[in-house]
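Structure file protein29.txt (compact mmCIF, C-alpha atoms) is printed below.
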```
# COMPACT_ATOMS: atom_id res chain seq x y z
CA MET S 1 0.00 0.00 0.00
CA ARG S 2 1.32 3.44 -0.88
CA LEU S 3 0.02 6.90 -0.19
CA VAL S 4 1.34 9.19 -2.93
CA ALA S 5 0.86 12.94 -3.04
CA GLN S 6 2.17 15.35 -5.66
CA GLY S 7 2.16 19.11 -5.87
CA LEU S 8 -0.51 19.58 -3.22
CA ALA S 9 -1.66 23.12 -2.63
CA CYS S 10 -4.12 24.42 -0.12
CA ARG S 11 -5.87 27.75 0.24
CA ARG S 12 -7.93 28.63 3.29
CA GLY S 13 -9.77 31.85 3.90
CA GLY S 14 -8.08 33.48 0.88
CA ARG S 15 -4.57 32.69 2.16
CA ASP S 16 -2.21 30.27 0.43
CA VAL S 17 -1.27 27.94 3.27
CA PHE S 18 1.13 25.75 1.30
CA ALA S 19 1.88 24.82 -2.28
CA GLY S 20 3.87 22.15 -4.08
CA VAL S 21 3.90 19.64 -1.23
CA GLY S 22 4.59 16.06 -2.25
CA PHE S 23 5.37 12.88 -0.34
CA GLU S 24 5.16 9.15 -0.53
CA VAL S 25 4.41 6.86 2.40
CA ARG S 26 4.53 3.09 2.10
CA SER S 27 3.04 0.36 4.26
CA GLY S 28 4.71 0.29 7.63
CA GLU S 29 6.18 3.77 7.29
CA ILE S 30 5.71 6.78 9.51
CA LEU S 31 5.94 10.29 8.07
CA GLU S 32 6.59 13.10 10.52
CA LEU S 33 5.41 16.56 9.45
CA ARG S 34 7.66 19.25 10.89
CA GLY S 35 7.69 23.00 10.68
CA PRO S 36 6.83 26.17 12.58
CA ASN S 37 3.28 27.11 13.63
CA GLY S 38 0.98 28.09 10.79
CA VAL S 39 3.00 26.40 8.10
CA GLY S 40 0.11 24.11 7.22
CA LYS S 41 0.77 20.81 9.01
CA SER S 42 -2.79 20.57 10.30
CA SER S 43 -4.18 21.73 6.96
CA LEU S 44 -2.20 19.03 5.16
CA LEU S 45 -3.58 16.35 7.49
CA ARG S 46 -7.13 17.69 7.05
CA LEU S 47 -6.58 17.71 3.30
CA VAL S 48 -5.55 14.05 3.35
CA ALA S 49 -8.62 13.34 5.51
CA GLY S 50 -10.81 14.95 2.86
CA LEU S 51 -11.94 17.72 5.20
CA VAL S 52 -10.28 20.51 3.23
CA ASP S 53 -10.30 20.79 -0.54
CA ARG S 54 -7.00 20.96 -2.38
CA THR S 55 -6.52 23.71 -4.93
CA ALA S 56 -3.89 21.79 -6.89
CA GLY S 57 -2.12 18.45 -6.93
CA ASP S 58 -3.07 14.82 -6.58
CA ILE S 59 -3.27 12.39 -3.73
CA ALA S 60 -4.09 8.70 -3.92
CA LEU S 61 -3.86 5.58 -1.84
CA GLN S 62 -2.52 2.85 -4.10
CA GLY S 63 -3.22 -0.74 -3.14
CA GLY S 64 -6.01 0.11 -0.74
CA ASP S 65 -9.64 -0.94 -0.93
CA GLU S 66 -10.86 0.06 -4.40
CA GLU S 67 -14.41 0.52 -3.16
CA LEU S 68 -13.52 3.11 -0.56
CA THR S 69 -12.23 6.66 -0.81
CA LEU S 70 -9.06 7.74 1.00
CA PRO S 71 -10.96 9.47 3.85
CA GLU S 72 -12.98 6.29 4.38
CA GLN S 73 -9.73 4.40 4.94
CA ALA S 74 -8.18 6.98 7.24
CA HIS S 75 -8.34 7.82 10.92
CA TYR S 76 -8.03 11.46 11.91
CA VAL S 77 -7.13 12.48 15.45
CA GLY S 78 -7.07 16.25 15.58
CA HIS S 79 -7.29 18.98 18.18
CA LEU S 80 -11.01 18.39 18.65
CA ASP S 81 -11.76 15.10 20.31
CA ALA S 82 -15.33 14.32 19.12
CA ILE S 83 -16.35 13.24 22.61
CA LYS S 84 -19.93 13.76 23.81
CA PRO S 85 -19.86 14.68 27.51
CA PRO S 86 -23.28 13.18 28.47
CA LEU S 87 -22.43 9.73 27.09
CA THR S 88 -20.25 7.32 29.01
CA VAL S 89 -16.66 6.69 27.95
CA LEU S 90 -17.63 3.27 26.60
CA GLU S 91 -20.67 4.61 24.71
CA ASN S 92 -18.53 7.28 23.05
CA LEU S 93 -15.97 4.75 21.93
CA ARG S 94 -18.48 2.12 20.85
CA PHE S 95 -20.31 4.66 18.69
CA TRP S 96 -17.17 5.66 16.78
CA GLY S 97 -16.14 2.03 16.47
CA GLU S 98 -19.46 1.22 14.82
CA MET S 99 -19.58 4.40 12.76
CA LEU S 100 -16.05 4.25 11.36
CA GLY S 101 -16.09 0.60 10.43
CA GLU S 102 -15.67 -2.92 11.56
CA GLY S 103 -14.05 -2.96 14.98
CA SER S 104 -10.80 -4.87 15.04
CA VAL S 105 -10.60 -4.60 18.81
CA GLU S 106 -13.54 -4.68 21.20
CA PRO S 107 -14.20 -1.22 22.70
CA ARG S 108 -13.37 -2.57 26.16
CA ALA S 109 -10.06 -3.98 24.98
CA ALA S 110 -9.26 -0.65 23.30
CA LEU S 111 -9.98 1.17 26.56
CA GLU S 112 -7.73 -1.32 28.32
CA ALA S 113 -4.97 -0.53 25.81
CA VAL S 114 -5.07 3.19 26.61
CA GLY S 115 -5.60 2.62 30.34
CA LEU S 116 -9.14 3.92 30.61
CA SER S 117 -10.99 0.69 31.41
CA ALA S 118 -11.65 1.77 35.00
CA LEU S 119 -13.58 4.80 33.70
CA ALA S 120 -15.66 2.94 31.07
CA GLN S 121 -19.01 3.50 32.77
CA PHE S 122 -18.46 7.12 33.78
CA PRO S 123 -19.85 10.02 31.75
CA ALA S 124 -17.20 11.53 29.51
CA TYR S 125 -17.51 14.98 31.13
CA THR S 126 -15.59 13.61 34.11
CA LEU S 127 -12.46 13.04 31.99
CA SER S 128 -9.37 15.24 32.18
CA ALA S 129 -7.73 16.67 29.04
CA GLY S 130 -5.19 13.86 28.90
CA GLN S 131 -7.85 11.21 29.42
CA ARG S 132 -9.96 12.71 26.63
CA ARG S 133 -6.96 12.54 24.35
CA ARG S 134 -6.44 8.89 25.30
CA LEU S 135 -10.10 8.18 24.52
CA SER S 136 -9.57 9.75 21.07
CA LEU S 137 -6.57 7.50 20.54
CA ALA S 138 -8.61 4.43 21.54
CA ARG S 139 -10.75 5.20 18.48
CA LEU S 140 -7.77 4.22 16.30
CA LEU S 141 -8.00 0.68 17.63
CA CYS S 142 -11.77 0.36 17.59
CA ALA S 143 -12.10 0.58 13.83
CA LYS S 144 -9.40 -0.87 11.62
CA ARG S 145 -8.24 1.63 9.01
CA PRO S 146 -4.86 1.57 7.26
CA VAL S 147 -4.04 5.31 7.30
CA TRP S 148 -3.58 7.18 10.58
CA LEU S 149 -3.50 10.97 10.55
CA LEU S 150 -2.36 12.26 13.93
CA ASP S 151 -2.26 15.99 14.63
CA GLU S 152 0.01 16.65 17.60
CA PRO S 153 -1.10 13.46 19.34
CA THR S 154 1.17 13.96 22.35
CA THR S 155 -0.67 17.08 23.56
CA ALA S 156 -1.80 16.76 27.20
CA LEU S 157 -0.44 13.22 27.51
CA ASP S 158 1.70 12.22 30.47
CA ARG S 159 4.95 10.29 30.04
CA ALA S 160 3.38 6.84 30.40
CA SER S 161 0.56 7.64 27.99
CA ARG S 162 3.07 8.87 25.43
CA GLU S 163 4.84 5.53 25.62
CA THR S 164 1.45 3.86 25.04
CA LEU S 165 0.90 6.09 22.01
CA TYR S 166 4.33 5.25 20.57
CA GLY S 167 3.54 1.57 21.13
CA LEU S 168 0.26 1.91 19.24
CA VAL S 169 1.95 3.64 16.29
CA ARG S 170 4.76 1.05 16.18
CA ALA S 171 2.23 -1.80 16.25
CA HIS S 172 0.25 -0.10 13.47
CA ALA S 173 3.40 0.23 11.37
CA ALA S 174 4.36 -3.39 12.03
CA ASP S 175 0.86 -4.36 10.92
CA GLY S 176 1.46 -2.65 7.56
CA GLY S 177 -0.32 0.60 8.34
CA LEU S 178 0.67 4.11 7.27
CA THR S 179 1.00 6.96 9.72
CA LEU S 180 1.26 10.71 9.15
CA VAL S 181 1.97 12.61 12.31
CA ALA S 182 2.34 16.37 12.78
CA THR S 183 4.39 17.15 15.86
CA HIS S 184 6.85 19.49 17.52
CA ASP S 185 8.22 16.79 19.82
CA ASP S 186 11.06 14.43 19.12
CA LEU S 187 9.21 11.18 18.77
CA PRO S 188 11.22 8.00 19.44
CA LEU S 189 9.84 6.47 16.26
CA GLN S 190 11.51 5.28 13.08
CA ALA S 191 10.03 8.10 11.04
CA ARG S 192 10.91 9.96 7.89
CA ARG S 193 10.61 13.71 8.11
CA LEU S 194 8.80 16.14 5.86
CA GLU S 195 9.98 19.67 6.54
CA MET S 196 7.28 22.15 5.59
CA ARG S 197 8.15 25.73 4.67
CA ARG S 198 6.06 28.82 4.42
CA ALA S 199 4.50 29.40 0.99
CA ALA S 200 6.22 32.25 -0.85
CA MET D 1 -24.25 0.64 6.46
CA THR D 2 -27.62 -0.04 8.10
CA GLY D 3 -25.81 -0.81 11.34
CA GLN D 4 -23.97 2.52 11.20
CA ILE D 5 -27.19 4.42 10.61
CA ILE D 6 -28.89 2.63 13.50
CA SER D 7 -26.02 3.42 15.88
CA LEU D 8 -26.03 7.08 14.79
CA PHE D 9 -29.78 7.24 15.40
CA ARG D 10 -29.41 5.65 18.84
CA ARG D 11 -26.65 8.09 19.76
CA GLU D 12 -28.72 11.10 18.66
CA VAL D 13 -31.73 9.96 20.69
CA ALA D 14 -29.53 9.24 23.72
CA LEU D 15 -27.93 12.71 23.49
CA ALA D 16 -31.30 14.43 23.15
CA THR D 17 -32.92 12.65 26.06
CA ARG D 18 -30.09 12.82 28.61
CA ALA D 19 -29.54 15.77 30.90
CA GLY D 20 -28.99 18.95 28.91
CA GLY D 21 -30.26 17.41 25.68
CA GLY D 22 -33.14 19.84 25.42
CA ALA D 23 -35.72 17.40 24.03
CA THR D 24 -38.47 18.71 26.32
CA MET D 25 -37.73 22.40 25.72
CA GLY D 26 -39.94 22.58 22.63
CA VAL D 27 -42.96 21.14 24.41
CA VAL D 28 -42.55 23.50 27.36
CA PHE D 29 -42.26 26.47 24.97
CA PHE D 30 -45.36 25.24 23.11
CA LEU D 31 -47.28 25.00 26.38
CA ILE D 32 -46.34 28.56 27.34
CA LEU D 33 -47.23 29.86 23.90
CA VAL D 34 -50.67 28.23 23.94
CA ALA D 35 -51.31 29.33 27.52
CA LEU D 36 -50.61 32.93 26.47
CA MET D 37 -53.26 32.84 23.72
CA PRO D 38 -56.42 33.00 25.89
CA LEU D 39 -54.68 35.61 28.03
CA SER D 40 -53.96 37.84 25.05
CA LEU D 41 -57.10 37.19 22.99
CA GLY D 42 -59.55 37.19 25.88
CA PRO D 43 -61.79 34.37 27.12
CA ASP D 44 -63.96 34.33 23.99
CA LEU D 45 -64.62 30.59 23.64
CA ALA D 46 -66.17 30.85 20.17
CA LEU D 47 -63.19 32.82 18.83
CA LEU D 48 -60.64 30.50 20.44
CA SER D 49 -62.41 27.44 19.13
CA ARG D 50 -62.45 28.89 15.61
CA ILE D 51 -58.79 29.92 15.44
CA GLY D 52 -57.51 27.20 17.82
CA PRO D 53 -56.28 24.74 15.15
CA ALA D 54 -54.35 27.51 13.38
CA LEU D 55 -52.84 28.67 16.69
CA LEU D 56 -51.71 25.10 17.42
CA TRP D 57 -50.01 24.88 14.02
CA LEU D 58 -48.33 28.23 14.55
CA GLY D 59 -47.20 27.18 18.01
CA VAL D 60 -45.66 23.98 16.69
CA LEU D 61 -43.91 25.87 13.89
CA LEU D 62 -42.31 28.26 16.38
CA ALA D 63 -41.48 25.50 18.86
CA THR D 64 -39.63 23.45 16.22
CA LEU D 65 -37.23 26.38 15.75
CA LEU D 66 -35.95 26.10 19.32
CA GLY D 67 -33.67 23.08 19.13
CA LEU D 68 -32.55 23.61 15.55
CA ASP D 69 -29.35 25.54 16.15
CA ARG D 70 -27.88 22.62 18.13
CA LEU D 71 -28.72 20.06 15.43
CA PHE D 72 -25.31 20.24 13.74
CA LYS D 73 -23.50 22.87 15.79
CA ALA D 74 -22.57 20.58 18.67
CA ASP D 75 -21.07 18.07 16.25
CA TRP D 76 -19.26 20.80 14.37
CA GLU D 77 -17.78 22.30 17.54
CA ASP D 78 -16.43 19.09 19.00
CA GLY D 79 -15.06 17.64 15.77
CA SER D 80 -17.66 14.89 15.45
CA LEU D 81 -18.74 16.28 12.09
CA ASP D 82 -15.20 15.79 10.73
CA LEU D 83 -15.32 12.13 11.65
CA LEU D 84 -18.89 11.65 10.41
CA THR D 85 -17.80 12.79 6.94
CA MET D 86 -15.02 10.18 7.03
CA SER D 87 -17.51 7.39 7.59
CA GLU D 88 -18.70 5.24 4.72
CA VAL D 89 -22.20 6.62 5.21
CA PRO D 90 -22.81 9.43 2.69
CA LEU D 91 -23.15 12.80 4.41
CA ALA D 92 -26.70 13.32 3.08
CA LEU D 93 -27.75 10.06 4.73
CA THR D 94 -26.06 11.11 7.98
CA VAL D 95 -28.00 14.38 7.81
CA LEU D 96 -31.27 12.51 7.16
CA THR D 97 -30.63 10.21 10.13
CA LYS D 98 -29.88 13.15 12.41
CA THR D 99 -32.97 14.98 11.13
CA LEU D 100 -35.22 11.98 11.76
CA ALA D 101 -33.79 11.50 15.24
CA HIS D 102 -34.34 15.21 15.85
CA TRP D 103 -37.95 14.86 14.69
CA VAL D 104 -38.55 11.85 16.94
CA THR D 105 -37.18 13.65 20.00
CA THR D 106 -38.59 17.14 19.38
CA GLY D 107 -41.27 17.02 16.63
CA LEU D 108 -43.18 13.95 17.77
CA PRO D 109 -43.63 15.22 21.37
CA LEU D 110 -45.15 18.41 19.89
CA VAL D 111 -47.56 16.36 17.79
CA LEU D 112 -48.59 14.40 20.89
CA ALA D 113 -48.91 17.54 23.02
CA ALA D 114 -51.01 19.47 20.48
CA PRO D 115 -54.36 17.71 21.20
CA LEU D 116 -53.88 18.17 24.94
CA LEU D 117 -53.07 21.85 24.58
CA GLY D 118 -55.95 22.24 22.13
CA ILE D 119 -58.33 21.65 25.02
CA MET D 120 -57.08 24.93 26.49
CA LEU D 121 -58.20 26.64 23.28
CA ASN D 122 -61.68 25.05 23.35
CA VAL D 123 -61.00 23.08 20.14
CA GLU D 124 -63.71 20.46 19.55
CA PRO D 125 -62.67 16.76 19.87
CA LYS D 126 -62.75 16.19 16.11
CA GLY D 127 -60.55 19.24 15.64
CA LEU D 128 -58.03 17.87 18.15
CA ALA D 129 -57.72 14.64 16.20
CA VAL D 130 -57.43 16.44 12.85
CA VAL D 131 -54.76 18.84 14.11
CA ALA D 132 -52.71 15.98 15.54
CA PHE D 133 -52.98 14.12 12.24
CA THR D 134 -52.01 17.05 10.00
CA LEU D 135 -49.13 17.88 12.34
CA LEU D 136 -47.95 14.29 12.13
CA VAL D 137 -47.90 14.60 8.34
CA GLY D 138 -46.38 18.09 8.25
CA THR D 139 -43.74 18.21 10.99
CA PRO D 140 -41.19 16.03 9.12
CA ALA D 141 -41.13 18.79 6.49
CA LEU D 142 -40.54 21.41 9.19
CA ALA D 143 -37.67 19.34 10.62
CA SER D 144 -35.92 18.79 7.31
CA ILE D 145 -36.33 22.39 6.14
CA GLY D 146 -35.06 23.49 9.55
CA ALA D 147 -32.02 21.27 9.08
CA ILE D 148 -31.01 23.35 6.04
CA GLY D 149 -31.07 26.51 8.15
CA ALA D 150 -29.11 24.74 10.91
CA ALA D 151 -26.51 23.53 8.41
CA LEU D 152 -26.10 26.96 6.78
CA THR D 153 -25.46 28.67 10.11
CA VAL D 154 -23.31 25.97 11.68
CA ALA D 155 -20.06 27.95 11.43
CA LEU D 156 -21.54 31.26 12.58
CA ARG D 157 -20.95 32.26 16.17
CA ARG D 158 -24.39 33.75 16.72
CA GLY D 159 -26.06 31.59 14.09
CA GLY D 160 -28.88 30.57 16.41
CA LEU D 161 -30.57 33.90 15.84
CA LEU D 162 -30.27 33.60 12.08
CA VAL D 163 -31.92 30.18 11.83
CA PRO D 164 -35.54 31.39 12.25
CA VAL D 165 -34.96 34.15 9.69
CA LEU D 166 -33.80 31.56 7.16
CA VAL D 167 -36.25 28.82 8.03
CA LEU D 168 -39.56 30.61 8.55
CA PRO D 169 -40.02 31.90 4.97
CA LEU D 170 -39.27 28.41 3.65
CA SER D 171 -41.81 26.92 6.05
CA VAL D 172 -44.69 29.06 4.76
CA PRO D 173 -46.02 26.44 2.27
CA VAL D 174 -46.07 23.79 5.00
CA LEU D 175 -48.00 26.13 7.29
CA ILE D 176 -50.50 27.09 4.57
CA PHE D 177 -51.30 23.53 3.53
CA GLY D 178 -51.21 22.21 7.09
CA ILE D 179 -53.77 24.72 8.25
CA SER D 180 -55.91 24.46 5.11
CA ALA D 181 -56.01 20.66 5.44
CA THR D 182 -57.15 21.11 9.03
CA GLN D 183 -59.77 23.75 8.17
CA SER D 184 -61.19 21.83 5.23
CA ALA D 185 -61.66 18.76 7.41
CA LEU D 186 -63.54 20.81 9.99
CA ILE D 187 -65.39 23.41 7.90
CA GLY D 188 -64.99 22.55 4.22
CA PRO D 189 -65.76 23.27 1.44
CA VAL D 190 -62.70 21.64 -0.22
CA PRO D 191 -62.32 17.95 0.64
CA MET D 192 -59.49 17.41 3.14
CA THR D 193 -57.56 15.08 0.85
CA THR D 194 -56.52 17.83 -1.59
CA PRO D 195 -54.47 20.03 0.78
CA LEU D 196 -53.45 16.93 2.75
CA ALA D 197 -51.94 15.39 -0.38
CA VAL D 198 -49.92 18.57 -0.99
CA LEU D 199 -48.82 18.60 2.66
CA ALA D 200 -47.72 14.96 2.43
CA ALA D 201 -45.90 15.72 -0.82
CA LEU D 202 -44.11 18.65 0.85
CA SER D 203 -43.00 16.38 3.68
CA LEU D 204 -41.78 13.59 1.42
CA ALA D 205 -40.05 15.93 -1.03
CA SER D 206 -38.25 17.84 1.71
CA LEU D 207 -37.17 14.60 3.42
CA VAL D 208 -35.52 13.57 0.15
CA LEU D 209 -34.17 16.90 -1.09
CA ALA D 210 -33.32 18.86 2.07
CA PRO D 211 -30.58 16.44 3.25
CA TRP D 212 -28.62 17.10 0.03
CA ALA D 213 -28.83 20.84 0.57
CA SER D 214 -27.87 20.48 4.25
CA ALA D 215 -24.95 18.19 3.38
CA ALA D 216 -23.65 20.72 0.84
CA ALA D 217 -23.90 23.49 3.43
CA LEU D 218 -22.05 21.37 6.00
CA ARG D 219 -19.22 20.65 3.56
CA LEU D 220 -18.74 24.40 3.14
CA ALA D 221 -18.59 24.81 6.91
CA LEU D 222 -15.84 22.18 7.25
CA GLU D 223 -13.39 24.16 5.13
```

Could you quickly redo this structure as structure tokens?
Amino acid sequence: MRLVAQGLACRRGGRDVFAGVGFEVRSGEILELRGPNGVGKSSLLRLVAGLVDRTAGDIALQGGDEELTLPEQAHYVGHLDAIKPPLTVLENLRFWGEMLGEGSVEPRAALEAVGLSALAQFPAYTLSAGQRRRLSLARLLCAKRPVWLLDEPTTALDRASRETLYGLVRAHAADGGLTLVATHDDLPLQARRLEMRRAA
Amino acid sequence: MTGQIISLFRREVALATRAGGGATMGVVFFLILVALMPLSLGPDLALLSRIGPALLWLGVLLATLLGLDRLFKADWEDGSLDLLTMSEVPLALTVLTKTLAHWVTTGLPLVLAAPLLGIMLNVEPKGLAVVAFTLLVGTPALASIGAIGAALTVALRRGGLLVPVLVLPLSVPVLIFGISATQSALIGPVPMTTPLAVLAALSLASLVLAPWASAAALRLALE
């Protein structure tokens, strides 16, 4: 499986965010997006997720499921966590597992993996910022999708949770998955780097 | 895909009925509105009985506006809308599911409350039944037209105030045929089936067409 992008350009609110961005990610690879604030890392991830239209360029997932579009084969974990406070932790996770596709891991096992199983029956409004982030990450396990798009996934996570996150990404890569991660941290992952520069 | 739609529907109903969901707000507003009528119009039973069915329709129309601004906004604010578009379910179908769940939790209670509140307006028993029936046929149209307004204003900070301005003019045909179906059943001279057929057509057409319009508006908001 290969995710190939060529000459991508993005314009938001009348401003050219980036132009001429290209990359190639193969099965089992991790691509780290680097660059200063506002350079378009988040926009690039949202573009891959189909949430933002591209103004130029091409992007395609080769060797994926022919019946599905790229966004339908991708997971997006962004700054917003898509958690409904009145629902319990387990209900939140189960919903996204069902909505985003066949669950490869039971919701309870996914909660176990991110260390939230003790909170499964509590309403999600009781969660702290780091716990909410972990619940978002549990979504990655609940529905099996080959492309992971992670936008600063380490935000609000403590040291142990970060190790869990790295473990999840490594396991995903070993399983043949592709990961794009925008970050400012030095991740202990075998990742290639894509340095993004401000559009002229 | 059926399973995904069912779980989305269940989630919407759960969110609307739990604390802070606001499912009962419309009915309470409707009750207040109807209770104000005899106070403002005076205790003229003949007058109230004559205009009662129309007042009930008007009350329901206004009450359906209440919950509309939260229909998509909550999902847009917390990022759920991003993920919903990445599901295999087409966005228009997601919108339709959310609209139907919204109708079940806010529209249907209004339909059920209307005959009870009609008693306060001295509407005759036959009139109560007819109003409930025409509302049952017409409120799905109000919900799906309202969804367009909710989708168009999803990215606006004070969009809640704009929704009624957008939705009410579009709801005029539903109101006209809803009330005329009710009146013709009670007074005549046109047989009830003629306006009722138009009302049913409005409901069915807006259930099919409005989700596409709402989905297009939501895609713009995601940018």

Enumerate as a PDB file with C-alpha atoms, in the frame of the given file the residues belonging to chain D that approach chain S to within 12 Å, with all atoms listed in the file taken into account.
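Okay, this is what ended up in out.pdb:
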```
ATOM      1  CA  MET D   1     -24.250   0.640   6.460  1.00  0.00           C
ATOM      2  CA  THR D   2     -27.620  -0.040   8.100  1.00  0.00           C
ATOM      3  CA  GLY D   3     -25.810  -0.810  11.340  1.00  0.00           C
ATOM      4  CA  GLN D   4     -23.970   2.520  11.200  1.00  0.00           C
ATOM      5  CA  ILE D   5     -27.190   4.420  10.610  1.00  0.00           C
ATOM      6  CA  ILE D   6     -28.890   2.630  13.500  1.00  0.00           C
ATOM      7  CA  SER D   7     -26.020   3.420  15.880  1.00  0.00           C
ATOM      8  CA  LEU D   8     -26.030   7.080  14.790  1.00  0.00           C
ATOM      9  CA  PHE D   9     -29.780   7.240  15.400  1.00  0.00           C
ATOM     10  CA  ARG D  10     -29.410   5.650  18.840  1.00  0.00           C
ATOM     11  CA  ARG D  11     -26.650   8.090  19.760  1.00  0.00           C
ATOM     12  CA  GLU D  12     -28.720  11.100  18.660  1.00  0.00           C
ATOM     13  CA  VAL D  13     -31.730   9.960  20.690  1.00  0.00           C
ATOM     14  CA  ALA D  14     -29.530   9.240  23.720  1.00  0.00           C
ATOM     15  CA  LEU D  15     -27.930  12.710  23.490  1.00  0.00           C
ATOM     16  CA  ALA D  16     -31.300  14.430  23.150  1.00  0.00           C
ATOM     17  CA  THR D  17     -32.920  12.650  26.060  1.00  0.00           C
ATOM     18  CA  ARG D  18     -30.090  12.820  28.610  1.00  0.00           C
ATOM     19  CA  ALA D  19     -29.540  15.770  30.900  1.00  0.00           C
ATOM     20  CA  GLY D  20     -28.990  18.950  28.910  1.00  0.00           C
ATOM     21  CA  GLY D  21     -30.260  17.410  25.680  1.00  0.00           C
ATOM     22  CA  ALA D  74     -22.570  20.580  18.670  1.00  0.00           C
ATOM     23  CA  ASP D  75     -21.070  18.070  16.250  1.00  0.00           C
ATOM     24  CA  TRP D  76     -19.260  20.800  14.370  1.00  0.00           C
ATOM     25  CA  GLU D  77     -17.780  22.300  17.540  1.00  0.00           C
ATOM     26  CA  ASP D  78     -16.430  19.090  19.000  1.00  0.00           C
ATOM     27  CA  GLY D  79     -15.060  17.640  15.770  1.00  0.00           C
ATOM     28  CA  SER D  80     -17.660  14.890  15.450  1.00  0.00           C
ATOM     29  CA  LEU D  81     -18.740  16.280  12.090  1.00  0.00           C
ATOM     30  CA  ASP D  82     -15.200  15.790  10.730  1.00  0.00           C
ATOM     31  CA  LEU D  83     -15.320  12.130  11.650  1.00  0.00           C
ATOM     32  CA  LEU D  84     -18.890  11.650  10.410  1.00  0.00           C
ATOM     33  CA  THR D  85     -17.800  12.790   6.940  1.00  0.00           C
ATOM     34  CA  MET D  86     -15.020  10.180   7.030  1.00  0.00           C
ATOM     35  CA  SER D  87     -17.510   7.390   7.590  1.00  0.00           C
ATOM     36  CA  GLU D  88     -18.700   5.240   4.720  1.00  0.00           C
ATOM     37  CA  VAL D  89     -22.200   6.620   5.210  1.00  0.00           C
ATOM     38  CA  PRO D  90     -22.810   9.430   2.690  1.00  0.00           C
ATOM     39  CA  THR D  94     -26.060  11.110   7.980  1.00  0.00           C
ATOM     40  CA  LEU D 218     -22.050  21.370   6.000  1.00  0.00           C
ATOM     41  CA  ARG D 219     -19.220  20.650   3.560  1.00  0.00           C
ATOM     42  CA  LEU D 220     -18.740  24.400   3.140  1.00  0.00           C
ATOM     43  CA  ALA D 221     -18.590  24.810   6.910  1.00  0.00           C
ATOM     44  CA  LEU D 222     -15.840  22.180   7.250  1.00  0.00           C
ATOM     45  CA  GLU D 223     -13.390  24.160   5.130  1.00  0.00           C
TER      46      GLU D 223
END
```

All residues 12 Å or closer to Val172 (chain D), only C-alpha atoms, same chain fewer than 2 positions away omitted, as an NGL selection string: :D and (57-58 or 61-62 or 138 or 141-142 or 145 or 166-170 or 174-179 or 199 or 202)

Nearest candidate to Val137 (chain D) (options D:Leu47, D:Leu204, D:Leu66, D:Ile187; using all atoms listed in the file):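 Closest residue, counting all atoms listed in the file: D:Leu204.
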
Selection as a PyMOL selection string: residues within 12 Å of (7.7, 26.6, 3.0), counting only C-alpha atoms: chain S and resi 9+16-21+34-41+194-200

File dump, residues just selected, C-alpha atoms, as a short mmCIF file (atom, residue, chain, number, x, y, z; two decimals), keeping the file's coordinate frame:
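File produced: out_26.cif:
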```cif
data_model
loop_
_atom_site.label_atom_id
_atom_site.label_comp_id
_atom_site.auth_asym_id
_atom_site.auth_seq_id
_atom_site.Cartn_x
_atom_site.Cartn_y
_atom_site.Cartn_z
CA ALA S 9 -1.66 23.12 -2.63
CA ASP S 16 -2.21 30.27 0.43
CA VAL S 17 -1.27 27.94 3.27
CA PHE S 18 1.13 25.75 1.30
CA ALA S 19 1.88 24.82 -2.28
CA GLY S 20 3.87 22.15 -4.08
CA VAL S 21 3.90 19.64 -1.23
CA ARG S 34 7.66 19.25 10.89
CA GLY S 35 7.69 23.00 10.68
CA PRO S 36 6.83 26.17 12.58
CA ASN S 37 3.28 27.11 13.63
CA GLY S 38 0.98 28.09 10.79
CA VAL S 39 3.00 26.40 8.10
CA GLY S 40 0.11 24.11 7.22
CA LYS S 41 0.77 20.81 9.01
CA LEU S 194 8.80 16.14 5.86
CA GLU S 195 9.98 19.67 6.54
CA MET S 196 7.28 22.15 5.59
CA ARG S 197 8.15 25.73 4.67
CA ARG S 198 6.06 28.82 4.42
CA ALA S 199 4.50 29.40 0.99
CA ALA S 200 6.22 32.25 -0.85
#
```

Residues within 9 Å of (2.8, 4.8, 13.6), counting only C-alpha atoms, listed as a list in words: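 Residues satisfying the cut-off, written out: Gly28, Glu29, Ile30, Leu31, Trp148, Leu165, Tyr166, Gly167, Leu168, Val169, Arg170, Ala171, His172, Ala173, Ala174, Gly177, Leu178, Thr179, Leu180, Val181, Leu189, Gln190 and Ala191 of chain S.
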
Polymer residues at most 9 Å from Leu31 (chain D), all atoms listed in the file, same-chain spacing of 5 or more positions, as a list of chain:residue names: D:Gly26, D:Leu36, D:Gly59, D:Ala113, D:Ala114, D:Leu117

Point-to-point distance in Å for CA of Thr193 (chain D) and CA of Ala63 (chain D):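 Value for the CA of Ala63 (chain D)-CA of Thr193 (chain D) distance: 26.3 Å.
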
One-decimal distance in Å that lies between CA of Ala5 (chain S) and CA of Phe23 (chain S): 5.3 Å

Which residue of S:Gly14, S:Cys142, S:Arg134, S:Arg26 approaches Arg108 (chain S) most closely, using all atoms listed in the file: S:Cys142

Between CA of Ala92 (chain D) and CA of Ala217 (chain D), distance in Å (one decimal):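 According to the coordinates, CA of Ala92 (chain D) and CA of Ala217 (chain D) are separated by 10.6 Å.
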
Nearby residues (only C-alpha atoms) at most 10 Å from Leu156 (chain D), same-chain spacing under 4 positions excluded, as a VMD selection string: chain D and resid 73 152 160 to 162 221

Close residues, Thr194 (chain D) itself excluded, 12 Å, only C-alpha atoms, min 3 positions apart in chain, as a list in words: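 Non-adjacent residues within range: Phe177, Gly178, Ser180, Ala181, Thr182, Gln183, Ser184, Ala185, Gly188, Pro189, Val190, Pro191, Ala197, Val198, Leu199, Ala200 and Ala201 of chain D.
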